[in-house]
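What follows is input-v7.tsv (TSV, C-alpha atoms).
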chain	number	residue	atom	x	y	z
B	2	MET	CA	-60.16	54.54	12.65
B	3	ASN	CA	-60.39	54.49	8.86
B	4	PRO	CA	-57.99	51.98	7.27
B	5	SER	CA	-55.00	53.43	5.43
B	6	ILE	CA	-54.73	50.30	3.24
B	7	GLU	CA	-57.58	48.02	2.19
B	8	VAL	CA	-56.78	45.07	-0.07
B	9	GLU	CA	-59.62	42.68	-0.84
B	10	ASN	CA	-59.35	39.53	-2.97
B	11	LEU	CA	-56.49	40.95	-5.06
B	12	SER	CA	-55.33	38.71	-7.88
B	13	HIS	CA	-52.71	39.42	-10.50
B	14	ALA	CA	-51.19	37.34	-13.29
B	15	TYR	CA	-48.70	37.65	-16.13
B	16	VAL	CA	-48.70	35.87	-19.48
B	17	ARG	CA	-45.29	34.60	-20.52
B	18	ARG	CA	-44.62	32.33	-23.49
B	19	ALA	CA	-48.33	31.52	-23.79
B	20	GLN	CA	-48.47	30.52	-20.12
B	21	THR	CA	-50.41	32.37	-17.44
B	22	LEU	CA	-48.47	32.83	-14.22
B	23	GLU	CA	-50.62	33.62	-11.19
B	24	ILE	CA	-48.55	35.93	-9.00
B	25	LEU	CA	-51.18	37.04	-6.46
B	26	ARG	CA	-54.22	34.91	-5.63
B	27	GLY	CA	-56.97	36.43	-3.51
B	28	VAL	CA	-54.72	38.59	-1.30
B	29	THR	CA	-56.70	40.28	1.49
B	30	PHE	CA	-55.43	42.46	4.34
B	31	SER	CA	-55.88	45.91	5.82
B	32	ALA	CA	-53.81	48.38	7.84
B	33	ASN	CA	-54.78	51.38	9.93
B	34	LYS	CA	-53.26	54.80	9.46
B	35	ALA	CA	-49.80	55.23	11.02
B	36	SER	CA	-49.24	51.48	11.34
B	37	TYR	CA	-46.04	49.54	10.68
B	38	LEU	CA	-46.10	46.38	8.55
B	39	SER	CA	-43.45	44.05	7.20
B	40	LEU	CA	-43.73	41.80	4.16
B	41	VAL	CA	-41.65	38.65	3.69
B	42	GLY	CA	-41.76	35.67	1.37
B	43	PRO	CA	-39.55	33.62	-0.93
B	44	SER	CA	-38.43	34.91	-4.31
B	45	GLY	CA	-41.30	34.75	-6.79
B	46	SER	CA	-43.99	34.85	-4.11
B	47	GLY	CA	-45.40	38.18	-5.31
B	48	LYS	CA	-43.78	40.73	-2.97
B	49	THR	CA	-42.56	43.02	-5.75
B	50	THR	CA	-45.88	42.83	-7.57
B	51	LEU	CA	-47.84	43.70	-4.45
B	52	LEU	CA	-45.50	46.61	-3.73
B	53	SER	CA	-45.84	47.86	-7.31
B	54	ILE	CA	-49.62	47.80	-7.08
B	55	LEU	CA	-49.72	49.62	-3.73
B	56	GLY	CA	-47.27	52.18	-5.12
B	57	GLY	CA	-49.34	52.86	-8.23
B	58	LEU	CA	-46.72	51.44	-10.59
B	59	GLU	CA	-49.13	48.73	-11.76
B	60	GLN	CA	-52.92	48.62	-11.65
B	61	PRO	CA	-54.72	45.73	-9.94
B	62	GLN	CA	-56.23	43.27	-12.42
B	63	SER	CA	-58.99	42.09	-10.10
B	64	GLY	CA	-60.04	42.75	-6.54
B	65	ARG	CA	-60.07	46.00	-4.60
B	66	VAL	CA	-57.08	48.10	-3.53
B	67	VAL	CA	-57.71	51.36	-1.66
B	68	VAL	CA	-54.87	53.45	-0.20
B	69	ALA	CA	-55.69	56.57	1.83
B	70	GLY	CA	-59.11	56.70	0.19
B	71	HIS	CA	-57.76	56.26	-3.36
B	72	ASP	CA	-59.30	53.35	-5.26
B	73	LEU	CA	-56.34	52.35	-7.42
B	74	ALA	CA	-58.41	50.28	-9.85
B	75	THR	CA	-60.21	53.46	-10.98
B	76	MET	CA	-57.10	55.60	-11.49
B	77	ALA	CA	-54.86	56.05	-14.52
B	78	GLY	CA	-52.68	58.62	-16.28
B	79	ASP	CA	-52.26	61.95	-14.51
B	80	ARG	CA	-54.31	60.87	-11.48
B	81	LEU	CA	-52.07	57.86	-10.92
B	82	ALA	CA	-48.93	59.98	-11.40
B	83	GLU	CA	-50.21	62.47	-8.82
B	84	TYR	CA	-50.94	59.59	-6.45
B	85	ARG	CA	-47.33	58.38	-6.77
B	86	GLN	CA	-45.97	61.88	-6.18
B	87	LYS	CA	-48.11	62.93	-3.23
B	88	THR	CA	-49.57	59.87	-1.51
B	89	VAL	CA	-46.68	57.39	-1.64
B	90	GLY	CA	-43.01	57.67	-0.68
B	91	PHE	CA	-40.52	55.08	-1.96
B	92	VAL	CA	-37.30	53.84	-0.33
B	93	PHE	CA	-35.21	51.43	-2.42
B	94	GLN	CA	-32.38	49.00	-1.69
B	95	HIS	CA	-30.08	50.84	-4.12
B	96	PHE	CA	-31.12	54.27	-2.78
B	97	GLY	CA	-32.32	55.66	-6.14
B	98	LEU	CA	-30.59	59.01	-5.69
B	99	LEU	CA	-29.46	61.12	-8.65
B	100	GLU	CA	-25.67	61.04	-8.56
B	101	ALA	CA	-25.22	64.47	-10.18
B	102	LEU	CA	-27.27	66.19	-7.45
B	103	THR	CA	-26.39	66.98	-3.85
B	104	ALA	CA	-28.45	65.59	-0.97
B	105	PHE	CA	-30.28	68.92	-0.75
B	106	GLU	CA	-30.93	69.00	-4.51
B	107	ASN	CA	-32.28	65.43	-4.51
B	108	LEU	CA	-34.92	66.50	-1.99
B	109	GLU	CA	-35.61	69.80	-3.71
B	110	LEU	CA	-36.23	68.01	-7.01
B	111	ALA	CA	-38.89	65.78	-5.45
B	112	LEU	CA	-40.61	68.88	-4.10
B	113	THR	CA	-40.29	70.71	-7.42
B	114	LEU	CA	-42.03	67.88	-9.28
B	115	SER	CA	-45.00	68.14	-6.92
B	116	GLY	CA	-45.32	71.88	-7.49
B	117	THR	CA	-44.06	73.08	-4.10
B	118	PRO	CA	-43.13	76.83	-4.15
B	119	ALA	CA	-39.39	77.62	-4.05
B	120	ALA	CA	-39.26	79.09	-0.53
B	121	ARG	CA	-41.22	76.16	0.89
B	122	ARG	CA	-39.01	73.69	-1.00
B	123	ARG	CA	-35.83	75.03	0.57
B	124	LEU	CA	-37.32	75.07	4.08
B	125	ARG	CA	-38.76	71.57	3.74
B	126	ALA	CA	-35.49	70.11	2.39
B	127	HIS	CA	-33.51	71.64	5.26
B	128	GLU	CA	-36.04	70.36	7.82
B	129	LEU	CA	-36.05	66.79	6.54
B	130	LEU	CA	-32.29	66.47	6.18
B	131	ALA	CA	-31.93	67.76	9.73
B	132	ARG	CA	-34.52	65.21	10.86
B	133	VAL	CA	-32.41	62.33	9.50
B	134	GLY	CA	-29.21	63.74	10.98
B	135	LEU	CA	-27.63	65.11	7.81
B	136	SER	CA	-27.59	68.88	8.33
B	137	ASP	CA	-23.83	68.79	7.69
B	138	ARG	CA	-24.19	66.83	4.44
B	139	LEU	CA	-26.49	69.13	2.44
B	140	ASP	CA	-23.94	69.84	-0.29
B	141	HIS	CA	-22.57	66.29	-0.55
B	142	ARG	CA	-23.34	64.17	-3.60
B	143	PRO	CA	-24.23	60.50	-3.16
B	144	PHE	CA	-20.71	59.24	-3.95
B	145	GLU	CA	-19.43	61.40	-1.07
B	146	LEU	CA	-21.80	59.74	1.43
B	147	SER	CA	-21.68	56.39	3.21
B	148	GLY	CA	-24.35	53.76	2.51
B	149	GLY	CA	-26.22	54.64	5.69
B	150	GLU	CA	-26.14	58.36	4.85
B	151	ARG	CA	-27.42	57.72	1.34
B	152	GLN	CA	-30.31	55.68	2.69
B	153	ARG	CA	-31.12	58.49	5.12
B	154	VAL	CA	-31.26	60.94	2.21
B	155	ALA	CA	-33.58	58.49	0.44
B	156	ILE	CA	-35.84	58.32	3.50
B	157	ALA	CA	-35.93	62.11	3.73
B	158	ARG	CA	-36.83	62.29	0.04
B	159	ALA	CA	-39.61	59.72	0.54
B	160	LEU	CA	-41.11	62.04	3.18
B	161	ALA	CA	-40.76	65.20	1.08
B	162	ASN	CA	-44.39	65.46	0.01
B	163	GLY	CA	-45.98	64.23	3.24
B	164	PRO	CA	-47.02	60.77	1.99
B	165	GLU	CA	-49.76	58.68	3.57
B	166	LEU	CA	-47.82	55.49	2.74
B	167	VAL	CA	-44.08	54.79	2.73
B	168	LEU	CA	-42.96	51.66	0.87
B	169	ALA	CA	-39.45	50.47	1.72
B	170	ASP	CA	-38.14	47.72	-0.56
B	171	GLU	CA	-35.21	45.88	1.08
B	172	PRO	CA	-34.01	49.17	2.65
B	173	THR	CA	-31.13	47.49	4.50
B	174	GLY	CA	-30.04	45.13	1.73
B	175	ASN	CA	-26.82	47.05	0.98
B	176	LEU	CA	-25.92	47.96	4.57
B	177	ASP	CA	-23.86	46.32	7.29
B	178	ASP	CA	-25.69	45.12	10.40
B	179	ASP	CA	-25.00	48.14	12.62
B	180	THR	CA	-25.94	50.64	9.92
B	181	ALA	CA	-29.00	48.60	9.00
B	182	ALA	CA	-30.19	48.68	12.60
B	183	SER	CA	-29.93	52.47	12.77
B	184	VAL	CA	-31.77	52.89	9.45
B	185	ILE	CA	-34.59	50.63	10.64
B	186	ASP	CA	-34.78	52.60	13.89
B	187	LEU	CA	-35.31	55.70	11.76
B	188	LEU	CA	-37.93	54.04	9.56
B	189	GLU	CA	-39.81	52.70	12.57
B	190	SER	CA	-40.14	56.23	13.97
B	191	LEU	CA	-41.97	57.49	10.87
B	192	PRO	CA	-45.55	56.32	11.65
B	193	ALA	CA	-45.60	58.05	15.04
B	194	GLU	CA	-43.73	61.18	13.96
B	195	HIS	CA	-45.20	61.71	10.48
B	196	GLY	CA	-48.51	59.88	10.67
B	197	CYS	CA	-47.74	57.69	7.64
B	198	THR	CA	-48.23	53.95	7.25
B	199	LEU	CA	-44.95	52.08	6.74
B	200	LEU	CA	-44.61	48.83	4.78
B	201	VAL	CA	-41.12	47.27	4.73
B	202	VAL	CA	-40.33	44.44	2.31
B	203	THR	CA	-37.39	42.34	3.48
B	204	HIS	CA	-35.80	38.91	3.36
B	205	ASN	CA	-34.50	39.43	6.90
B	206	ARG	CA	-36.94	37.75	9.28
B	207	ALA	CA	-35.37	39.30	12.39
B	208	LEU	CA	-36.00	42.68	10.80
B	209	ALA	CA	-39.53	41.72	9.76
B	210	ALA	CA	-40.32	40.58	13.29
B	211	ARG	CA	-39.99	44.15	14.56
B	212	ALA	CA	-43.19	45.19	12.78
B	213	ARG	CA	-46.49	45.15	14.65
B	214	THR	CA	-48.16	43.41	11.69
B	215	ARG	CA	-46.23	40.86	9.67
B	216	LEU	CA	-47.41	39.71	6.25
B	217	THR	CA	-46.00	36.57	4.66
B	218	LEU	CA	-46.58	35.86	0.97
B	219	VAL	CA	-46.43	32.21	-0.06
B	220	ASP	CA	-47.61	31.00	-3.47
B	221	GLY	CA	-49.36	34.31	-4.08
B	222	GLN	CA	-51.40	34.22	-0.88
B	223	VAL	CA	-50.91	36.26	2.27
B	224	GLN	CA	-50.75	35.17	5.90
B	225	THR	CA	-51.06	37.82	8.61
B	226	ASP	CA	-49.42	37.73	12.04
B	227	THR	CA	-50.05	40.44	14.63
B	228	SER	CA	-48.81	38.57	17.71
B	229	THR	CA	-46.38	40.44	19.95
B	230	GLU	CA	-44.34	37.46	21.13
B	231	VAL	CA	-41.98	37.06	18.20
B	232	SER	CA	-38.42	35.79	18.49
B	233	GLY	CA	-35.83	38.36	17.49
B	234	ARG	CA	-38.22	41.28	17.70
B	235	HIS	CA	-35.74	43.59	19.38
B	236	TRP	CA	-32.69	44.39	17.31
B	237	ALA	CA	-30.04	46.11	19.44
B	238	ARG	CA	-29.20	49.70	18.57
B	239	PRO	CA	-25.62	50.19	17.40
B	240	ALA	CA	-23.18	52.07	19.58
B	241	GLY	CA	-21.55	55.25	18.28
B	242	PRO	CA	-22.39	57.48	15.34
B	243	VAL	CA	-24.31	56.36	12.30
B	244	ARG	CA	-22.13	55.71	9.27

Render the structure in this file as structure tokens.
Amino acid sequence: MNPSIEVENLSHAYVRRAQTLEILRGVTFSANKASYLSLVGPSGSGKTTLLSILGGLEQPQSGRVVVAGHDLATMAGDRLAEYRQKTVGFVFQHFGLLEALTAFENLELALTLSGTPAARRRLRAHELLARVGLSDRLDHRPFELSGGERQRVAIARALANGPELVLADEPTGNLDDDTAASVIDLLESLPAEHGCTLLVVTHNRALAARARTRLTLVDGQVQTDTSTEVSGRHWARPAGPVR
């Protein structure tokens, strides 16, 4: 199977007040298509930087980063923008929804920006919102939705353009435990159902333990754990409807 993510000897640094800060130092890992990975590490360890590079928000300074056959070091401008639109889906802690738009319109906008024809946009938005259990919330704006519902809209939007990679940055950070569990259940279903690779960044180690491959960033370097015997791996599903 061809890897979905290949990172080889990735290093990245920032210059601040005449000092060079090494954020990533020789990071190397790979992931197959439709795999599920988690990424943990203390603040300042490089998680956000690594996520930004994989998402095409920053270019790698040295090393090799290939996602779904795209060599990110060779891409810039329109090619990088197209990569962000069509190859990567983003899920954020604060949802990132446009407050003036309904749930349906938030999805339709993502599809419009990628050039999807109008009839296909409407069908796709309906399909995805039904998939995340929000068929009865199409015309609701974000302030009319619960935290769990808003995150489900965000997940649907991340899937809008059929991405190869979904990056979820602290997707349960603003949710209570029961709602967080149901959102993670939904995220975990994505690789099998949509064929995408899922990378979840979290501070919650019980949540991280649910992933088949667990990456830990410490001092800019990555440690990989793929063992199956991990304490706290199974997080109980909540009873009752999702809020």

Selected residue, from B:Ala32, B:Leu102, B:Val66, B:Val41, that lies nearest to B:Val8 when counting only C-alpha atoms: B:Val66

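You can rank B:Leu114, B:Val167, B:Leu129, B:Ala159 by their closest distance to B:Ala82 using only C-alpha atoms, and at the top of that list sits B:Leu114.
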
Do you know which residues are at most 10 Å from B:Arg151 counting all atoms listed in the file, after dropping those on the same chain fewer than 2 positions away, and could you put them as number ranges by chain? B: 95-98, 104, 135, 142-149, 153-157, 244

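Atom CA of B:Gln152 is positioned 8.4 Å from atom CA of B:Thr173.
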
Long-range neighbours of stretch 67-74 of chain B as an NGL selection string, 8 Å cut-off, all atoms listed in the file, 3 positions minimum in chain: :B and (4-8 or 55 or 57 or 60-62 or 81 or 88 or 165-166)

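Using only C-alpha atoms, the smallest distance between any of B:Ala35, B:Ala207, B:Ala14, B:Val219 and B:Pro164 comes from B:Ala35.
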
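Here atom CA of B:Thr214 and atom CA of B:Gly90 stand 19.6 Å from one another.
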
Around all listed atoms of stretch 109-124 of chain B, padded 8 Å per side, what centre and edge lengths does the axis-aligned box have in Å to one decimal, as lines of an AutoDock Vina configuration file?
center_x = -40.5
center_y = 72.4
center_z = -2.6
size_x = 25.7
size_y = 29.3
size_z = 29.4

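Here atom CA of B:Arg158 and atom CA of B:Ser36 stand 20.0 Å from one another.
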
When distances are computed from all atoms listed in the file, which of B:Ala212, B:Ala161, B:Val202, B:Ile24 shows the smallest separation from B:Asp186? B:Ala212

Which residue of B:Ser46, B:Asn205, B:Asn107, B:Thr113 approaches B:Asp178 most closely, using all atoms listed in the file: B:Asn205

Rank B:Arg17, B:Asn33, B:Leu38, B:Ala101 by their smallest atom-to-atom distance to B:Asp226, using all atoms listed in the file, and report the top residue only. B:Leu38

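Residues in contact with B:Leu25 at up to 9 Å, not including ones fewer than 3 positions away on its chain and judged by all atoms listed in the file, are B:Leu11, B:Ser12, B:His13, B:Ala14, B:Val28, B:Ser46, B:Gly47, B:Lys48, B:Thr50, B:Leu51, B:Leu218, B:Asp220, B:Gly221, B:Gln222, B:Val223.
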
Residue subset to file, keeping C-alpha atoms, as a short mmCIF file (atom, residue, chain, number, x, y, z; two decimals), in the frame of the given file:
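Dumped everything to result09.cif:
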data_model
loop_
_atom_site.label_atom_id
_atom_site.label_comp_id
_atom_site.auth_asym_id
_atom_site.auth_seq_id
_atom_site.Cartn_x
_atom_site.Cartn_y
_atom_site.Cartn_z
CA LEU B 11 -56.49 40.95 -5.06
CA SER B 12 -55.33 38.71 -7.88
CA HIS B 13 -52.71 39.42 -10.50
CA ALA B 14 -51.19 37.34 -13.29
CA VAL B 28 -54.72 38.59 -1.30
CA SER B 46 -43.99 34.85 -4.11
CA GLY B 47 -45.40 38.18 -5.31
CA LYS B 48 -43.78 40.73 -2.97
CA THR B 50 -45.88 42.83 -7.57
CA LEU B 51 -47.84 43.70 -4.45
CA LEU B 218 -46.58 35.86 0.97
CA ASP B 220 -47.61 31.00 -3.47
CA GLY B 221 -49.36 34.31 -4.08
CA GLN B 222 -51.40 34.22 -0.88
CA VAL B 223 -50.91 36.26 2.27
#

For B:Thr103, list every protein, DNA or RNA residue within 6 Å, evaluated using all atoms listed in the file, and leave out those in the same chain fewer than 3 positions away; present the list as a count of residues only. 4
